[in-house]
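Here the structure comes first, spelled out in C-alpha cells, and everything after it is commentary.
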Amino acid sequence: MNSIHHFFETFITSFDLFIVGMYWTLAVTVCAFLIALVLGMFFGFLKITNIKILVWISDFYVWIVRGTPLIVQIFVLFYGLTKIILIPTFWAVTIGLAVHVGGYLSEIIRGSVSSIDKGQQEAGRSLGMTASLTMRRIILPQAFRRSIPSLGNQFIITLKDSSLASFIGMQELFGVANLEGSTNFDFMTYLLVVAVYYLVIVYVLTVFVRILENKLSVSD
Amino acid sequence: MVEQNKIIIVEKLNKYFGDLHVLKDFDMTVCESEVVVLIGASGSGKSTLLRCLNFLEIKESGTIMLDGEKIEAKTHDLNKVRERVGMVFQHFNLFPHKTVLGNVIEALLKVKKMPKEQAIKEGKELLAKVGLSDKSDVYPSKLSGGQKQRVAIARALAMKPEVMLFDEPTSALDPELVGEVLLTMKQLAKEGMTMVVVTHEMGFAREVADEVIYMHDGYIVERGTPKEIFENPLKERTQEFLSNVL
C-alpha cells in the first residue's frame with residue numbers, strides 16, 4: 001500500500017518535469033518522423049526507378065541504417081557533427097533519428113507503392129495522364145492508405161526510440177526519469193512513472209491510427 | 001461504298017517480349033465508325049496488339065497511323081496520343097479511392113484541365129449514358145462487376161477518344177453481368193464509335209462487328225465479315241477454333 005502511495009505521490013510531484021520531458025519527446029519524434037518521411041520517400045523512389053546505381057544507393061542507405069544500432073548512429077552523428085559544426089543537441093538527435101527511421105520508411109513506402117496493382121498505372125496512362133501525374137493522383141493516395149498501419153507502427157517505434165536522446169544529454173521523458181531517479185536515489189519509481197507516460201501516449205496513438213485506418217478504408 | 005476516314009492503319013507491326021515474337025507483320029485498317037473484333041486463343045497476341053495501339057507497349061517495328069498521322073514514340077508525346085485512344089481493361093482498373101464520378105472526371109480535370117463544373121456536368125451525362133446516374137457518389141467497391149465495367153467505359157469516353165479499345169471487357173464478369181456491358185458496347189457502336197474489341201463473346205462479334213479477325217500465334221489467320229468467318233471459314237485452323245468456342 002505504501003509503495004503504491006509513494007508511486008502516486010512521485011507521479012504528482014514530478015508532473016511538471018515530465019510534461020516538459022513529454023514536450024521534448026514529442027517534438028523530437030514529430031520532427032524526426034517528418035524528415036524521415038521525406039528521406040523515406042526519396043530513397044523509396046530511388047528503388048522504384050529500377051535504375052541500377054540508384055537502387056544501389058538506396059540499398060546501401062538501408063543497409064547501413066538497419067545494420068547498426070540506433071545508439072551508435074546517434075553517437076556518431078552527435079560527436080561527428082558537433083566536431084564540424086556547432087549543432088544543438090535537439091537537432092543532432094532529431095537528424096540521427098530521422099536518418100534511422102528514414103531507412104525503415106523507405107522500405108515501407110517502396111513496398112506499398114509496388115503493391116498497387118499495375119492496372120492502376122495503366123488505367124491512368126491510358127487516359128493520357130503522365131507518369132508523374134499518375135503517381136501523384138492514382139498510385140500514391142492508394143499506397144498511402146495501404147501503408148497507414150505500418151507508418152503508425154513506425155511512428156510508435158520512433159517515439160520510443162527517441163528515449164535514446166537522453167544518452168547525449170537531452171531531457172526528454174526518459175532523460176527526466178533518469179535524472180530524477182538518480183538524484184532522488186529512487187530509480188525504480190521514476191522508471192515506472194515514465195513507463196506510464198509512454199504507455200498512455202502509445203495508446204492514444206494506436207487509437208488514432210485505427211480511426212484513421214477505418215476512415216480511409218471505407219472507400220477502398 | 002463511300003470512302004471512309006481511316007482512323008487506324010497498322011502496317012507490318014512487330015512486337016517482341018524478349019525472344020518471344022508476339023506480333024508478326026500485323027496489318028489492320030479500322031475506318032471511322034467501324035467495329036473490328038479480334039478473336040483467337042489466349043496468347044495469340046490480341047491484347048498485345050491493343051496495348052501497342054494505345055502505346056502501353058511500344059512496337060519494335062512497323063507503322064501505326066492514327067487518323068492519318070504516323071505515330072512514333074520518338075517524335076510524339078505519347079500522353080497526348082493516349083488521350084485520343086480510349087481503353088477498357090479486362091479487370092476494369094477503376095480507381096478505388098475515387099467515387100464513380102471522380103473516376104470519370106479525373107482525366108478531364110487533370111489532363112484536359114476542364115473547369116470542375118463543366119467536368120461534373122459531362123461526367124454525369126456519361127454516367128447517365130451507361131445507366132449509372134444513381135451511382136455517381138458511390139465508391140467502386142460497392143458496384144457489381146458489370147457496373148464497374150460500365151463506369152470504366154464512361155471514364156474512357158470522357159476523353160472523347162477517336163477510337164475505343166476493349167481488352168476482353170467481359171471476361172472477368174459473372175455470366176449474368178455480361179449482357180449489360182455488351183449492351184452498352186452495342187449502343188456505342190450504334191452511335192458510330194470506332195471500336196477495336198478483343199473478346200470471346202462470339203455472339204457480340206457476329207452481331208456488331210464489321211470485320212472479324214482471327215489471330216493465332218501473332219499473325220492473322222483469317223479476316224472477313226462476321227458472316228464469312230462464322231458461317232464459312234476458309235482456313236482449317238479457323239474452323240477448328242470456332243468449333244471449340246461455339
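Labeling convention for the C-alpha cells: chains A, B, ... as they appear, residues from 1 per chain, ligands from 1 in order of appearance.
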Quick one: everything within 12 Å of stretch 220-227 of chain B, counting only C-alpha atoms, minus sequence neighbours fewer than 3 positions away in the same chain. Send it as a compact mmCIF listing (two decimals) with N, CA and C atoms, in the first residue's frame.
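Below is the file that was written, result06.txt:
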# COMPACT_ATOMS: atom_id res chain seq x y z
N LYS B 12 2.63 -3.88 -90.95
CA LYS B 12 3.83 -4.67 -90.62
C LYS B 12 4.30 -4.47 -89.18
N LEU B 13 3.35 -4.53 -88.28
CA LEU B 13 3.66 -4.32 -86.87
C LEU B 13 4.32 -5.56 -86.27
N VAL B 22 5.66 -11.75 -80.51
CA VAL B 22 4.24 -11.75 -80.14
C VAL B 22 3.35 -11.31 -81.29
N LEU B 23 3.81 -10.30 -82.04
CA LEU B 23 3.04 -9.86 -83.20
C LEU B 23 3.94 -9.94 -84.43
N LYS B 24 3.41 -10.57 -85.48
CA LYS B 24 4.25 -10.82 -86.65
C LYS B 24 3.68 -10.14 -87.89
N ASP B 25 4.32 -9.06 -88.30
CA ASP B 25 3.90 -8.32 -89.50
C ASP B 25 2.40 -8.10 -89.54
N PHE B 26 1.89 -7.56 -88.46
CA PHE B 26 0.44 -7.42 -88.34
C PHE B 26 -0.07 -6.21 -89.15
N ASP B 27 -1.08 -6.43 -89.95
CA ASP B 27 -1.71 -5.35 -90.74
C ASP B 27 -3.17 -5.22 -90.35
N MET B 28 -3.62 -3.98 -90.26
CA MET B 28 -5.03 -3.78 -89.94
C MET B 28 -5.42 -2.36 -90.30
N THR B 29 -6.63 -2.20 -90.78
CA THR B 29 -7.18 -0.87 -91.02
C THR B 29 -8.55 -0.78 -90.37
N GLU B 34 -16.28 2.04 -87.61
CA GLU B 34 -16.21 0.61 -87.83
C GLU B 34 -15.95 -0.11 -86.50
N VAL B 35 -16.46 -1.34 -86.40
CA VAL B 35 -16.15 -2.17 -85.24
C VAL B 35 -15.37 -3.38 -85.72
N VAL B 36 -14.12 -3.47 -85.26
CA VAL B 36 -13.29 -4.63 -85.60
C VAL B 36 -13.17 -5.51 -84.36
N VAL B 37 -13.48 -6.79 -84.52
CA VAL B 37 -13.40 -7.71 -83.40
C VAL B 37 -12.26 -8.69 -83.63
N LEU B 38 -11.39 -8.78 -82.62
CA LEU B 38 -10.27 -9.72 -82.69
C LEU B 38 -10.61 -10.95 -81.88
N ILE B 39 -10.52 -12.11 -82.52
CA ILE B 39 -10.76 -13.34 -81.78
C ILE B 39 -9.52 -14.24 -81.89
N GLY B 40 -9.47 -15.21 -81.03
CA GLY B 40 -8.33 -16.12 -81.04
C GLY B 40 -8.04 -16.62 -79.65
N ALA B 41 -7.24 -17.67 -79.58
CA ALA B 41 -6.92 -18.25 -78.27
C ALA B 41 -6.07 -17.28 -77.47
N SER B 44 -2.45 -15.34 -78.33
CA SER B 44 -2.32 -15.17 -79.78
C SER B 44 -1.89 -13.74 -80.14
N GLY B 45 -1.79 -12.86 -79.15
CA GLY B 45 -1.30 -11.52 -79.41
C GLY B 45 -2.39 -10.46 -79.51
N LYS B 46 -3.62 -10.82 -79.26
CA LYS B 46 -4.73 -9.86 -79.39
C LYS B 46 -4.57 -8.69 -78.43
N LEU B 49 -1.69 -6.44 -79.19
CA LEU B 49 -1.99 -5.51 -80.28
C LEU B 49 -2.69 -4.26 -79.74
N MET B 202 -18.68 -14.52 -78.99
CA MET B 202 -18.88 -14.66 -80.43
C MET B 202 -20.21 -14.07 -80.89
N GLY B 203 -21.18 -14.11 -79.98
CA GLY B 203 -22.49 -13.52 -80.32
C GLY B 203 -22.35 -12.04 -80.60
N PHE B 204 -21.56 -11.38 -79.77
CA PHE B 204 -21.32 -9.95 -79.95
C PHE B 204 -20.61 -9.71 -81.27
N ALA B 205 -19.57 -10.51 -81.52
CA ALA B 205 -18.80 -10.36 -82.76
C ALA B 205 -19.72 -10.50 -83.97
N ARG B 206 -20.56 -11.50 -83.94
CA ARG B 206 -21.44 -11.79 -85.06
C ARG B 206 -22.42 -10.65 -85.31
N GLU B 207 -22.91 -10.09 -84.20
CA GLU B 207 -23.96 -9.09 -84.32
C GLU B 207 -23.43 -7.70 -84.63
N VAL B 208 -22.30 -7.34 -84.03
CA VAL B 208 -21.87 -5.95 -84.07
C VAL B 208 -20.69 -5.70 -85.02
N ALA B 209 -19.84 -6.70 -85.20
CA ALA B 209 -18.59 -6.45 -85.92
C ALA B 209 -18.81 -6.14 -87.40
N ASP B 210 -17.99 -5.22 -87.91
CA ASP B 210 -17.92 -5.03 -89.36
C ASP B 210 -16.87 -5.98 -89.93
N GLU B 211 -15.81 -6.16 -89.14
CA GLU B 211 -14.80 -7.11 -89.56
C GLU B 211 -14.40 -7.97 -88.37
N VAL B 212 -14.20 -9.25 -88.63
CA VAL B 212 -13.71 -10.15 -87.59
C VAL B 212 -12.33 -10.63 -88.02
N ILE B 213 -11.37 -10.54 -87.09
CA ILE B 213 -10.02 -11.01 -87.39
C ILE B 213 -9.69 -12.17 -86.46
N TYR B 214 -9.36 -13.31 -87.06
CA TYR B 214 -8.96 -14.45 -86.24
C TYR B 214 -7.44 -14.50 -86.18
N MET B 215 -6.91 -14.39 -84.96
CA MET B 215 -5.46 -14.38 -84.78
C MET B 215 -4.99 -15.68 -84.17
N HIS B 216 -3.79 -16.07 -84.60
CA HIS B 216 -3.16 -17.23 -83.96
C HIS B 216 -1.66 -16.99 -83.94
N ASP B 217 -1.07 -17.10 -82.77
CA ASP B 217 0.38 -17.06 -82.66
C ASP B 217 0.99 -15.78 -83.25
N PHE B 230 -17.82 -16.71 -89.50
CA PHE B 230 -18.57 -17.66 -88.68
C PHE B 230 -19.32 -18.70 -89.49
N GLU B 231 -19.77 -18.34 -90.68
CA GLU B 231 -20.57 -19.30 -91.42
C GLU B 231 -19.76 -20.08 -92.44
N ASN B 232 -18.68 -19.42 -92.92
CA ASN B 232 -17.95 -20.11 -93.97
C ASN B 232 -16.43 -19.87 -93.86
N PRO B 233 -15.87 -20.26 -92.71
CA PRO B 233 -14.43 -20.03 -92.56
C PRO B 233 -13.63 -20.87 -93.55
N LEU B 234 -12.63 -20.24 -94.18
CA LEU B 234 -11.90 -20.92 -95.24
C LEU B 234 -10.74 -21.76 -94.70
N LYS B 235 -10.11 -21.21 -93.64
CA LYS B 235 -8.93 -21.90 -93.13
C LYS B 235 -9.32 -22.97 -92.11
N GLU B 236 -8.56 -24.03 -92.16
CA GLU B 236 -8.84 -25.15 -91.26
C GLU B 236 -8.71 -24.75 -89.79
N ARG B 237 -7.65 -23.92 -89.52
CA ARG B 237 -7.41 -23.50 -88.15
C ARG B 237 -8.58 -22.69 -87.58
N THR B 238 -9.12 -21.83 -88.44
CA THR B 238 -10.27 -21.04 -88.02
C THR B 238 -11.44 -21.94 -87.69
N GLN B 239 -11.66 -22.90 -88.55
CA GLN B 239 -12.77 -23.84 -88.33
C GLN B 239 -12.61 -24.56 -87.00
N GLU B 240 -11.36 -24.97 -86.78
CA GLU B 240 -11.06 -25.70 -85.54
C GLU B 240 -11.35 -24.84 -84.32
N PHE B 241 -10.83 -23.58 -84.38
CA PHE B 241 -11.02 -22.67 -83.25
C PHE B 241 -12.51 -22.43 -82.99
N LEU B 242 -13.23 -22.17 -84.08
CA LEU B 242 -14.66 -21.85 -83.93
C LEU B 242 -15.44 -23.05 -83.41
What are the DSSP helix (DSSP H, G or I) residues of stretch 69-209 of chain B, as a ChimeraX atom specification? /B:78-83,100-110,116-129,133-135,140-142,145-158,175-190,202-208
As a PDB file with N, CA and C atoms, in the first residue's frame, please: the residues near stretch 116-125 of chain A (cut-off 10 Å, only C-alpha atoms, same-chain neighbours under 4 positions excluded).
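Wrote result_32.pdb, looks like this:
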ATOM      1  N   GLY A 111       7.483  -0.638 -50.624  1.00  0.00           N
ATOM      2  CA  GLY A 111       6.616  -1.814 -50.608  1.00  0.00           C
ATOM      3  C   GLY A 111       5.168  -1.470 -50.921  1.00  0.00           C
ATOM      4  N   SER A 112       4.669  -0.376 -50.338  1.00  0.00           N
ATOM      5  CA  SER A 112       3.256  -0.070 -50.554  1.00  0.00           C
ATOM      6  C   SER A 112       3.011   0.461 -51.965  1.00  0.00           C
ATOM      7  N   MET A 129      -2.764  10.540 -68.821  1.00  0.00           N
ATOM      8  CA  MET A 129      -2.055  11.115 -67.684  1.00  0.00           C
ATOM      9  C   MET A 129      -0.566  10.794 -67.808  1.00  0.00           C
ATOM     10  N   THR A 130       0.276  11.740 -67.414  1.00  0.00           N
ATOM     11  CA  THR A 130       1.718  11.485 -67.451  1.00  0.00           C
ATOM     12  C   THR A 130       2.085  10.533 -66.311  1.00  0.00           C
ATOM     13  N   ALA A 131       3.308  10.006 -66.381  1.00  0.00           N
ATOM     14  CA  ALA A 131       3.749   9.068 -65.354  1.00  0.00           C
ATOM     15  C   ALA A 131       3.714   9.714 -63.969  1.00  0.00           C
ATOM     16  N   SER A 132       4.163  10.972 -63.890  1.00  0.00           N
ATOM     17  CA  SER A 132       4.221  11.595 -62.567  1.00  0.00           C
ATOM     18  C   SER A 132       2.824  11.965 -62.073  1.00  0.00           C
ATOM     19  N   LEU A 133       1.968  12.377 -62.996  1.00  0.00           N
ATOM     20  CA  LEU A 133       0.584  12.682 -62.596  1.00  0.00           C
ATOM     21  C   LEU A 133      -0.113  11.412 -62.104  1.00  0.00           C
ATOM     22  N   THR A 134       0.115  10.308 -62.810  1.00  0.00           N
ATOM     23  CA  THR A 134      -0.469   9.031 -62.396  1.00  0.00           C
ATOM     24  C   THR A 134       0.043   8.645 -61.010  1.00  0.00           C
ATOM     25  N   MET A 135       1.334   8.849 -60.802  1.00  0.00           N
ATOM     26  CA  MET A 135       1.913   8.538 -59.497  1.00  0.00           C
ATOM     27  C   MET A 135       1.244   9.367 -58.404  1.00  0.00           C
ATOM     28  N   ARG A 137      -1.634  11.205 -58.430  1.00  0.00           N
ATOM     29  CA  ARG A 137      -3.102  11.197 -58.285  1.00  0.00           C
ATOM     30  C   ARG A 137      -3.684   9.808 -58.065  1.00  0.00           C
ATOM     31  N   ILE A 138      -3.007   8.799 -58.613  1.00  0.00           N
ATOM     32  CA  ILE A 138      -3.597   7.454 -58.588  1.00  0.00           C
ATOM     33  C   ILE A 138      -2.850   6.512 -57.649  1.00  0.00           C
ATOM     34  N   ILE A 139      -1.534   6.424 -57.822  1.00  0.00           N
ATOM     35  CA  ILE A 139      -0.783   5.408 -57.079  1.00  0.00           C
ATOM     36  C   ILE A 139      -0.550   5.829 -55.619  1.00  0.00           C
ATOM     37  N   LEU A 140       0.003   7.032 -55.435  1.00  0.00           N
ATOM     38  CA  LEU A 140       0.378   7.437 -54.075  1.00  0.00           C
ATOM     39  C   LEU A 140      -0.795   7.479 -53.087  1.00  0.00           C
ATOM     40  N   GLN A 142      -3.376   5.688 -52.958  1.00  0.00           N
ATOM     41  CA  GLN A 142      -3.707   4.315 -52.571  1.00  0.00           C
ATOM     42  C   GLN A 142      -2.598   3.696 -51.733  1.00  0.00           C
ATOM     43  N   ALA A 143      -1.355   3.967 -52.139  1.00  0.00           N
ATOM     44  CA  ALA A 143      -0.211   3.416 -51.402  1.00  0.00           C
ATOM     45  C   ALA A 143      -0.203   3.976 -49.981  1.00  0.00           C
ATOM     46  N   ARG A 146      -2.705   2.275 -47.839  1.00  0.00           N
ATOM     47  CA  ARG A 146      -2.289   0.912 -47.544  1.00  0.00           C
ATOM     48  C   ARG A 146      -1.181   0.886 -46.499  1.00  0.00           C
TER      49      ARG A 146
ATOM     50  N   ARG B  51      -2.627  -3.087 -76.771  1.00  0.00           N
ATOM     51  CA  ARG B  51      -1.716  -2.319 -75.938  1.00  0.00           C
ATOM     52  C   ARG B  51      -0.702  -1.553 -76.785  1.00  0.00           C
ATOM     53  N   ASN B  54      -2.409   1.568 -78.048  1.00  0.00           N
ATOM     54  CA  ASN B  54      -2.524   2.591 -77.028  1.00  0.00           C
ATOM     55  C   ASN B  54      -1.153   3.000 -76.495  1.00  0.00           C
ATOM     56  N   PHE B  55      -0.113   2.402 -77.068  1.00  0.00           N
ATOM     57  CA  PHE B  55       1.278   2.701 -76.707  1.00  0.00           C
ATOM     58  C   PHE B  55       1.587   2.402 -75.243  1.00  0.00           C
ATOM     59  N   LEU B  56       0.809   1.480 -74.663  1.00  0.00           N
ATOM     60  CA  LEU B  56       1.205   0.956 -73.359  1.00  0.00           C
ATOM     61  C   LEU B  56       2.359  -0.005 -73.565  1.00  0.00           C
ATOM     62  N   LEU B  78       3.459  10.682 -76.288  1.00  0.00           N
ATOM     63  CA  LEU B  78       2.501   9.578 -76.242  1.00  0.00           C
ATOM     64  C   LEU B  78       1.351   9.848 -75.280  1.00  0.00           C
ATOM     65  N   ASN B  79       1.592  10.706 -74.301  1.00  0.00           N
ATOM     66  CA  ASN B  79       0.489  11.055 -73.399  1.00  0.00           C
ATOM     67  C   ASN B  79      -0.650  11.717 -74.172  1.00  0.00           C
ATOM     68  N   ARG B  82      -2.435   9.094 -76.262  1.00  0.00           N
ATOM     69  CA  ARG B  82      -3.319   8.227 -75.476  1.00  0.00           C
ATOM     70  C   ARG B  82      -4.643   8.909 -75.148  1.00  0.00           C
ATOM     71  N   GLU B  83      -4.631  10.236 -75.111  1.00  0.00           N
ATOM     72  CA  GLU B  83      -5.897  10.942 -74.887  1.00  0.00           C
ATOM     73  C   GLU B  83      -6.889  10.635 -76.001  1.00  0.00           C
ATOM     74  N   GLY B  86      -9.152   5.593 -76.387  1.00  0.00           N
ATOM     75  CA  GLY B  86      -9.719   5.124 -75.121  1.00  0.00           C
ATOM     76  C   GLY B  86      -9.456   3.645 -74.933  1.00  0.00           C
ATOM     77  N   MET B  87      -9.287   3.240 -73.681  1.00  0.00           N
ATOM     78  CA  MET B  87      -9.005   1.829 -73.431  1.00  0.00           C
ATOM     79  C   MET B  87      -9.862   1.321 -72.279  1.00  0.00           C
ATOM     80  N   VAL B  88     -10.446   0.145 -72.495  1.00  0.00           N
ATOM     81  CA  VAL B  88     -11.222  -0.504 -71.437  1.00  0.00           C
ATOM     82  C   VAL B  88     -10.555  -1.841 -71.137  1.00  0.00           C
ATOM     83  N   PHE B  89     -10.280  -2.081 -69.864  1.00  0.00           N
ATOM     84  CA  PHE B  89      -9.482  -3.244 -69.475  1.00  0.00           C
ATOM     85  C   PHE B  89     -10.350  -4.405 -68.986  1.00  0.00           C
ATOM     86  N   GLN B  90      -9.771  -5.579 -69.068  1.00  0.00           N
ATOM     87  CA  GLN B  90     -10.477  -6.768 -68.581  1.00  0.00           C
ATOM     88  C   GLN B  90     -10.859  -6.637 -67.103  1.00  0.00           C
ATOM     89  N   HIS B  91      -9.925  -6.117 -66.318  1.00  0.00           N
ATOM     90  CA  HIS B  91     -10.185  -6.030 -64.880  1.00  0.00           C
ATOM     91  C   HIS B  91     -10.593  -4.621 -64.454  1.00  0.00           C
ATOM     92  N   PHE B  92     -11.206  -3.890 -65.349  1.00  0.00           N
ATOM     93  CA  PHE B  92     -11.800  -2.562 -65.104  1.00  0.00           C
ATOM     94  C   PHE B  92     -10.771  -1.506 -64.735  1.00  0.00           C
ATOM     95  N   ASN B  93      -9.933  -1.839 -63.727  1.00  0.00           N
ATOM     96  CA  ASN B  93      -8.919  -0.891 -63.251  1.00  0.00           C
ATOM     97  C   ASN B  93      -9.502   0.460 -62.870  1.00  0.00           C
ATOM     98  N   LEU B  94     -10.650   0.431 -62.210  1.00  0.00           N
ATOM     99  CA  LEU B  94     -11.181   1.686 -61.677  1.00  0.00           C
ATOM    100  C   LEU B  94     -10.289   2.140 -60.527  1.00  0.00           C
ATOM    101  N   PHE B  95     -10.308   3.450 -60.268  1.00  0.00           N
ATOM    102  CA  PHE B  95      -9.526   3.975 -59.158  1.00  0.00           C
ATOM    103  C   PHE B  95     -10.338   3.803 -57.875  1.00  0.00           C
ATOM    104  N   PRO B  96      -9.905   2.917 -56.985  1.00  0.00           N
ATOM    105  CA  PRO B  96     -10.745   2.576 -55.825  1.00  0.00           C
ATOM    106  C   PRO B  96     -10.894   3.710 -54.813  1.00  0.00           C
ATOM    107  N   GLU B 106     -11.677  12.449 -63.515  1.00  0.00           N
ATOM    108  CA  GLU B 106     -10.266  12.636 -63.127  1.00  0.00           C
ATOM    109  C   GLU B 106      -9.416  13.204 -64.269  1.00  0.00           C
ATOM    110  N   ALA B 107      -9.477  12.539 -65.408  1.00  0.00           N
ATOM    111  CA  ALA B 107      -8.617  12.970 -66.519  1.00  0.00           C
ATOM    112  C   ALA B 107      -9.120  14.279 -67.139  1.00  0.00           C
ATOM    113  N   ALA B 152     -15.995   2.149 -66.229  1.00  0.00           N
ATOM    114  CA  ALA B 152     -14.718   2.212 -66.944  1.00  0.00           C
ATOM    115  C   ALA B 152     -14.930   2.686 -68.383  1.00  0.00           C
ATOM    116  N   ARG B 155     -15.537   6.345 -68.230  1.00  0.00           N
ATOM    117  CA  ARG B 155     -14.285   7.037 -67.943  1.00  0.00           C
ATOM    118  C   ARG B 155     -13.447   7.217 -69.215  1.00  0.00           C
ATOM    119  N   ALA B 156     -13.405   6.149 -70.014  1.00  0.00           N
ATOM    120  CA  ALA B 156     -12.631   6.241 -71.257  1.00  0.00           C
ATOM    121  C   ALA B 156     -13.310   7.193 -72.248  1.00  0.00           C
TER     122      ALA B 156
END
Give the answer as one residue: which of B:Lys135, B:Lys142, B:Lys160, B:Lys129 has the shortest atom-to-atom distance to B:Met185, using only C-alpha atoms?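 Among B:Lys135, B:Lys142, B:Lys160, B:Lys129, it is B:Lys129 that comes nearest to B:Met185.
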Residues at most 9 Å from A:Glu107, counting only C-alpha atoms, excluding those fewer than 2 positions away in the same chain, as a VMD selection string? chain A and resid 40 43 to 44 62 102 to 105 109 to 112
Report the distance between atom CA of B:Lys121 and atom CA of A:Ser217 in Å, rounded to one decimal place.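 Atom-to-atom, atom CA of B:Lys121 to atom CA of A:Ser217, that is 27.9 Å.
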When you draw a straight line from atom CA of A:Val93 to atom CA of A:Ile168, how long is it in Å? 8.2 Å
Close residues, B:Leu183 itself excluded, 10 Å, only C-alpha atoms, min 4 positions apart in chain, as a ChimeraX atom specification: /B:130,150,178-179,187-189,204
Polymer residues at most 6 Å from stretch 170-175 of chain A, only C-alpha atoms, same-chain spacing of 6 or more positions, as a PyMOL selection string: chain A and resi 21-22+24-25+163
Could you dump the residues just selected with N, CA, C and O atoms as an mmCIF file, in the first residue's frame?
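This went into result.cif:
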data_model
loop_
_atom_site.group_PDB
_atom_site.id
_atom_site.type_symbol
_atom_site.label_atom_id
_atom_site.label_comp_id
_atom_site.auth_asym_id
_atom_site.auth_seq_id
_atom_site.Cartn_x
_atom_site.Cartn_y
_atom_site.Cartn_z
ATOM 1 N N GLY A 21 9.370 17.100 -20.263
ATOM 2 C CA GLY A 21 10.024 15.964 -20.924
ATOM 3 C C GLY A 21 9.196 15.441 -22.077
ATOM 4 O O GLY A 21 9.697 15.142 -23.166
ATOM 5 N N MET A 22 7.885 15.373 -21.858
ATOM 6 C CA MET A 22 6.984 14.875 -22.896
ATOM 7 C C MET A 22 7.003 15.810 -24.109
ATOM 8 O O MET A 22 6.986 15.361 -25.248
ATOM 9 N N TRP A 24 9.473 17.526 -25.169
ATOM 10 C CA TRP A 24 10.674 17.271 -25.968
ATOM 11 C C TRP A 24 10.595 15.925 -26.694
ATOM 12 O O TRP A 24 11.015 15.808 -27.841
ATOM 13 N N THR A 25 10.048 14.935 -26.027
ATOM 14 C CA THR A 25 9.886 13.630 -26.675
ATOM 15 C C THR A 25 9.040 13.771 -27.937
ATOM 16 O O THR A 25 9.408 13.284 -29.019
ATOM 17 N N SER A 163 13.889 7.933 -26.794
ATOM 18 C CA SER A 163 14.417 7.906 -25.423
ATOM 19 C C SER A 163 15.950 7.834 -25.413
ATOM 20 O O SER A 163 16.589 8.228 -24.442
#
Skip B:Asp134 itself and residues of its chain fewer than 2 positions away, then list as a ChimeraX atom specification all residues within 12 Å of it, counting only C-alpha atoms. /B:100-101,124-125,127-132,136-139,143,147,151
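Between atom CA of B:Glu57 and atom CA of B:Val85 the interatomic distance comes to 13.6 Å.
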Nearest to chain A, chosen from B:Glu201, B:Asp77, B:Glu60, B:Glu32, with only C-alpha atoms counted in the distances: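 Nearest to chain A: B:Asp77.
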With only C-alpha atoms counted and 12 Å as the cut-off, give the residues of stretch 118-168 of chain A in contact with stretch 72-88 of chain A, each with its shortest interatomic distance in Å and the pair that gives it, as JSON lines.
{"residue": "A:Asp161", "atom": "CA", "partner": "A:Ile74", "partner_atom": "CA", "distance": 10.8}
{"residue": "A:Ser162", "atom": "CA", "partner": "A:Ile74", "partner_atom": "CA", "distance": 10.2}
{"residue": "A:Ser163", "atom": "CA", "partner": "A:Ile74", "partner_atom": "CA", "distance": 11.5}
{"residue": "A:Leu164", "atom": "CA", "partner": "A:Ile74", "partner_atom": "CA", "distance": 8.2}
{"residue": "A:Ala165", "atom": "CA", "partner": "A:Ile74", "partner_atom": "CA", "distance": 7.9}
{"residue": "A:Ser166", "atom": "CA", "partner": "A:Ile74", "partner_atom": "CA", "distance": 10.8}
{"residue": "A:Phe167", "atom": "CA", "partner": "A:Phe75", "partner_atom": "CA", "distance": 8.6}
{"residue": "A:Ile168", "atom": "CA", "partner": "A:Phe75", "partner_atom": "CA", "distance": 7.5}
For N, CA, C and O atoms, I'd like the residues from the last selection saved as a short mmCIF file (atom, residue, chain, number, x, y, z; two decimals), in the first residue's frame.
data_model
loop_
_atom_site.label_atom_id
_atom_site.label_comp_id
_atom_site.auth_asym_id
_atom_site.auth_seq_id
_atom_site.Cartn_x
_atom_site.Cartn_y
_atom_site.Cartn_z
N ASP A 161 12.06 5.06 -29.46
CA ASP A 161 13.50 5.16 -29.73
C ASP A 161 14.05 6.53 -29.37
O ASP A 161 15.25 6.69 -29.13
N SER A 162 13.17 7.54 -29.35
CA SER A 162 13.65 8.89 -29.03
C SER A 162 14.21 8.94 -27.60
O SER A 162 14.91 9.87 -27.24
N SER A 163 13.89 7.93 -26.79
CA SER A 163 14.42 7.91 -25.42
C SER A 163 15.95 7.83 -25.41
O SER A 163 16.59 8.23 -24.44
N LEU A 164 16.52 7.33 -26.52
CA LEU A 164 17.98 7.25 -26.60
C LEU A 164 18.62 8.63 -26.59
O LEU A 164 19.82 8.76 -26.33
N ALA A 165 17.82 9.67 -26.86
CA ALA A 165 18.34 11.04 -26.86
C ALA A 165 18.91 11.40 -25.50
O ALA A 165 19.79 12.25 -25.38
N SER A 166 18.39 10.75 -24.47
CA SER A 166 18.86 11.06 -23.13
C SER A 166 20.35 10.75 -22.98
O SER A 166 21.04 11.35 -22.15
N PHE A 167 20.86 9.83 -23.79
CA PHE A 167 22.28 9.45 -23.69
C PHE A 167 23.20 10.58 -24.12
O PHE A 167 24.38 10.57 -23.78
N ILE A 168 22.70 11.49 -24.91
CA ILE A 168 23.56 12.64 -25.22
C ILE A 168 23.03 13.89 -24.52
O ILE A 168 23.21 15.01 -24.99
#
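The closest residue to chain A, picked from B:Ser141, B:Gln118, B:Thr184, B:Thr48 and counting only C-alpha atoms, is B:Ser141.
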